[in-house]
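Asker: Below is one structure. I have some questions about it.
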Amino acid sequence: MHRPALSVVIPCYNEAACLELLHARVSGAARAAVGDDYEILFINDGSRDDSWPAMQRLAATDPRLIAINLSRNHGHQLALTAGLDLCAGQQILIIDADLQDPPELLTEMRATMAEQQADVVYAVRRKRAGETIFKKLTAAIFYRMLDRLTDTPIPLDTGDFRLMSRRALDAFLSMPEQARFIRGMVAWVGFRQVPFLYDRAERHAGETNYPLGKMIRLAFDAVTGFSTAPLRFASHAGLALTGASLLLLVYIAFGFFFGHAVQGWTSTMLVVVFLGAVQMFVLGMIGEYLGRLYVESKRRPLYLVGDVVGPVLGRATLGYRAEEAEGETSVTIETPGESGTRPTR
C-alpha cells in the first residue's frame, strides 16, 4: 500500500459555508508542501446543514479528497480520532474547518519539524482574533489550571492544530480510551515536541462549535484523565452547594458579630454546611472516575462510519466502518484485544 507523504485531517460540524474555500486553501498548501503526494480527509460529524452533500460534491472532483460521514454526531474529539485512525500519511496535519488556523503555515511547520528533528510541531497562539475577552480569559485560566492539575505537561495556549509524524500518530492510536482530550494525549505520548508560534484568525463563516457548555465538558474530561455525563450531577451539585455555603457563612458571621445568633448555633451550622459541601464534591469526583470505568468496560468502538466517498487507506483500528467488497458487505471491527472481519449479505 502506498503511504502518501501527507494527510490533512479535518473534522467538520455544520461547516457548509466554509468547505469550498477550506478545500481550496488546504489543497494549495498541501500541493506547495509535498506536490501531489497527499490526501485530505473531511470527517462529517453528524452535521445538520448541507456539509455532507458539499463534501460529496468536492470529493467527486478531487481524487485526493476523502469524505467520511459518521453515523451520528460523536463530538469533535471522536470525529478527529476517526480521521486520524483512517488516514495513511507519513506526516499528519490536524486542522479545524473554520479556517482560524491558516493551512498555509504547513510548509513552515514541516521545515520546523525537519530542523528540530521533532515528531510533533504544535501551534501556539500568540493572538486570537475575533474572540471575546471572556473566552480568551477563560481559556487562559483553563490551560494554566490544567498545567497545575495534571501530571503530564500540556503546552499552554495550544489547540489541536499541529503536525505529527507517523511514529507519533501510531503511538497515539494505541490509546483506546473513550474520554479523549487529544492535545493532552499527544503530549502524553512524548517523543520530541516543539512549539510553532502563530496568530489565529477569525472564523471564515458560521458560529463557534465550542460554546461555554462544551468548553466546560472538555475541561472536565481533560482534568479527569485526559468522562461521563450521568454521574456528573453530584459534582455539579457539590460545587453549587459550596458556593451557597459561602453566602451562608456570611450570614452566620453577621449573626455572630452582631449578637443575633443562638448559643452554639454558629459553630454547628458552620460544620454542617462545610462538611456537606465537601462530601458532595468528593462524591462527585469519585463518580467521575467510576463513570469512566463503566464506559471503558463496555469496550464499544470509538466511532461509527456511515458513508465514505474516496479511497480510505487507513484501518479502522479504533472504530467501525463497512466496506463493499465483491458483492457483499465486509464489516471490519477492531477493538482493543480483538479484531476480525465478518461478511454480511
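All residue names refer to the C-alpha cells as shown: chains lettered A, B, ... in order, residues numbered from 1 in each chain, ligands numbered from 1 in order.
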Can you pull out every residue from stretch 97-127 of chain A that DSSP, working from the backbone, puts in alpha helix (DSSP H), and format the result as a list in words?
Answerer: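 DSSP on the backbone gives alpha helix (DSSP H) at Leu106, Thr107, Glu108, Met109, Arg110, Ala111, Thr112, Met113, Ala114, Glu115 and Gln116 of chain A.
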Asker: Write out the residues from the selection above, keeping C-alpha atoms, as an mmCIF file, in the first residue's frame.
Answerer:
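Now in part-v3.cif:
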```cif
data_model
loop_
_atom_site.group_PDB
_atom_site.id
_atom_site.type_symbol
_atom_site.label_atom_id
_atom_site.label_comp_id
_atom_site.auth_asym_id
_atom_site.auth_seq_id
_atom_site.Cartn_x
_atom_site.Cartn_y
_atom_site.Cartn_z
ATOM 1 C CA LEU A 106 2.120 23.850 6.662
ATOM 2 C CA THR A 107 5.386 24.400 4.772
ATOM 3 C CA GLU A 108 6.920 26.289 7.699
ATOM 4 C CA MET A 109 5.723 23.655 10.167
ATOM 5 C CA ARG A 110 7.302 20.892 8.066
ATOM 6 C CA ALA A 111 10.536 22.882 7.939
ATOM 7 C CA THR A 112 10.465 23.252 11.732
ATOM 8 C CA MET A 113 9.869 19.511 12.134
ATOM 9 C CA ALA A 114 12.848 18.724 9.923
ATOM 10 C CA GLU A 115 15.160 21.277 11.521
ATOM 11 C CA GLN A 116 14.270 20.270 15.083
#
```
Asker: To test your reading of the structure, identify every residue in stretch 46-112 of chain A that backbone DSSP assigns to strand (DSSP E or B), and report it as a PDB file with N, CA and C atoms, in the first residue's frame.
Answerer:
```pdb
ATOM      1  N   LEU A  65      -9.275  13.938  -2.148  1.00  0.00           N
ATOM      2  CA  LEU A  65     -10.167  14.264  -1.037  1.00  0.00           C
ATOM      3  C   LEU A  65     -11.003  13.050  -0.678  1.00  0.00           C
ATOM      4  N   ILE A  66     -11.003  12.706   0.600  1.00  0.00           N
ATOM      5  CA  ILE A  66     -11.796  11.590   1.119  1.00  0.00           C
ATOM      6  C   ILE A  66     -12.826  12.166   2.087  1.00  0.00           C
ATOM      7  N   ALA A  67     -14.088  11.930   1.799  1.00  0.00           N
ATOM      8  CA  ALA A  67     -15.174  12.416   2.655  1.00  0.00           C
ATOM      9  C   ALA A  67     -15.706  11.244   3.473  1.00  0.00           C
ATOM     10  N   ILE A  68     -15.712  11.411   4.771  1.00  0.00           N
ATOM     11  CA  ILE A  68     -16.145  10.354   5.699  1.00  0.00           C
ATOM     12  C   ILE A  68     -17.331  10.875   6.490  1.00  0.00           C
ATOM     13  N   ASN A  69     -18.429  10.158   6.431  1.00  0.00           N
ATOM     14  CA  ASN A  69     -19.656  10.565   7.114  1.00  0.00           C
ATOM     15  C   ASN A  69     -19.895   9.648   8.307  1.00  0.00           C
ATOM     16  N   LEU A  70     -19.757  10.182   9.515  1.00  0.00           N
ATOM     17  CA  LEU A  70     -20.015   9.379  10.712  1.00  0.00           C
ATOM     18  C   LEU A  70     -21.508   9.124  10.857  1.00  0.00           C
ATOM     19  N   GLN A  91       3.262  12.056   7.338  1.00  0.00           N
ATOM     20  CA  GLN A  91       3.075  13.196   8.237  1.00  0.00           C
ATOM     21  C   GLN A  91       1.595  13.542   8.243  1.00  0.00           C
ATOM     22  N   ILE A  92       1.106  14.029   9.382  1.00  0.00           N
ATOM     23  CA  ILE A  92      -0.324  14.271   9.532  1.00  0.00           C
ATOM     24  C   ILE A  92      -0.527  15.681  10.075  1.00  0.00           C
ATOM     25  N   LEU A  93      -1.285  16.474   9.340  1.00  0.00           N
ATOM     26  CA  LEU A  93      -1.644  17.811   9.793  1.00  0.00           C
ATOM     27  C   LEU A  93      -3.074  17.778  10.322  1.00  0.00           C
ATOM     28  N   ILE A  94      -3.256  18.233  11.550  1.00  0.00           N
ATOM     29  CA  ILE A  94      -4.585  18.356  12.150  1.00  0.00           C
ATOM     30  C   ILE A  94      -4.977  19.827  12.104  1.00  0.00           C
TER      31      ILE A  94
END
```
Asker: Pick out the closest residue to A:Met164 from this set: A:Ala118, A:Leu270, A:Leu99, A:Leu197. Count only C-alpha atoms.
Answerer: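 Ranking A:Ala118, A:Leu270, A:Leu99, A:Leu197 by distance to A:Met164, first place goes to A:Ala118.
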Asker: Which neighbours of stretch 52-60 of chain A fall inside 8 Å, counting only C-alpha atoms, when residues of the same chain fewer than 3 positions from it are skipped, and could you give them as a list in words?
Answerer: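 That gives Ala16, Leu19, Glu20, His23, Phe42, Asn44, Ser47, Asp49, Pro63, Arg64, Leu65, Ile66, Ala67, Asn69, Val309 and Gly310 of chain A.
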Asker: Which value, in Å to one decimal, gives the distance between atom CA of A:Ala5 and atom CA of A:Glu39?
Answerer: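 These two atoms are separated by 8.5 Å.
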Asker: Name all residues at most 7 Å from stretch 296-301 of chain A (count only C-alpha atoms; drop same-chain ones fewer than 4 positions away) and give them as a PyMOL selection string.
Answerer: chain A and resi 177-178+292+318-320+335
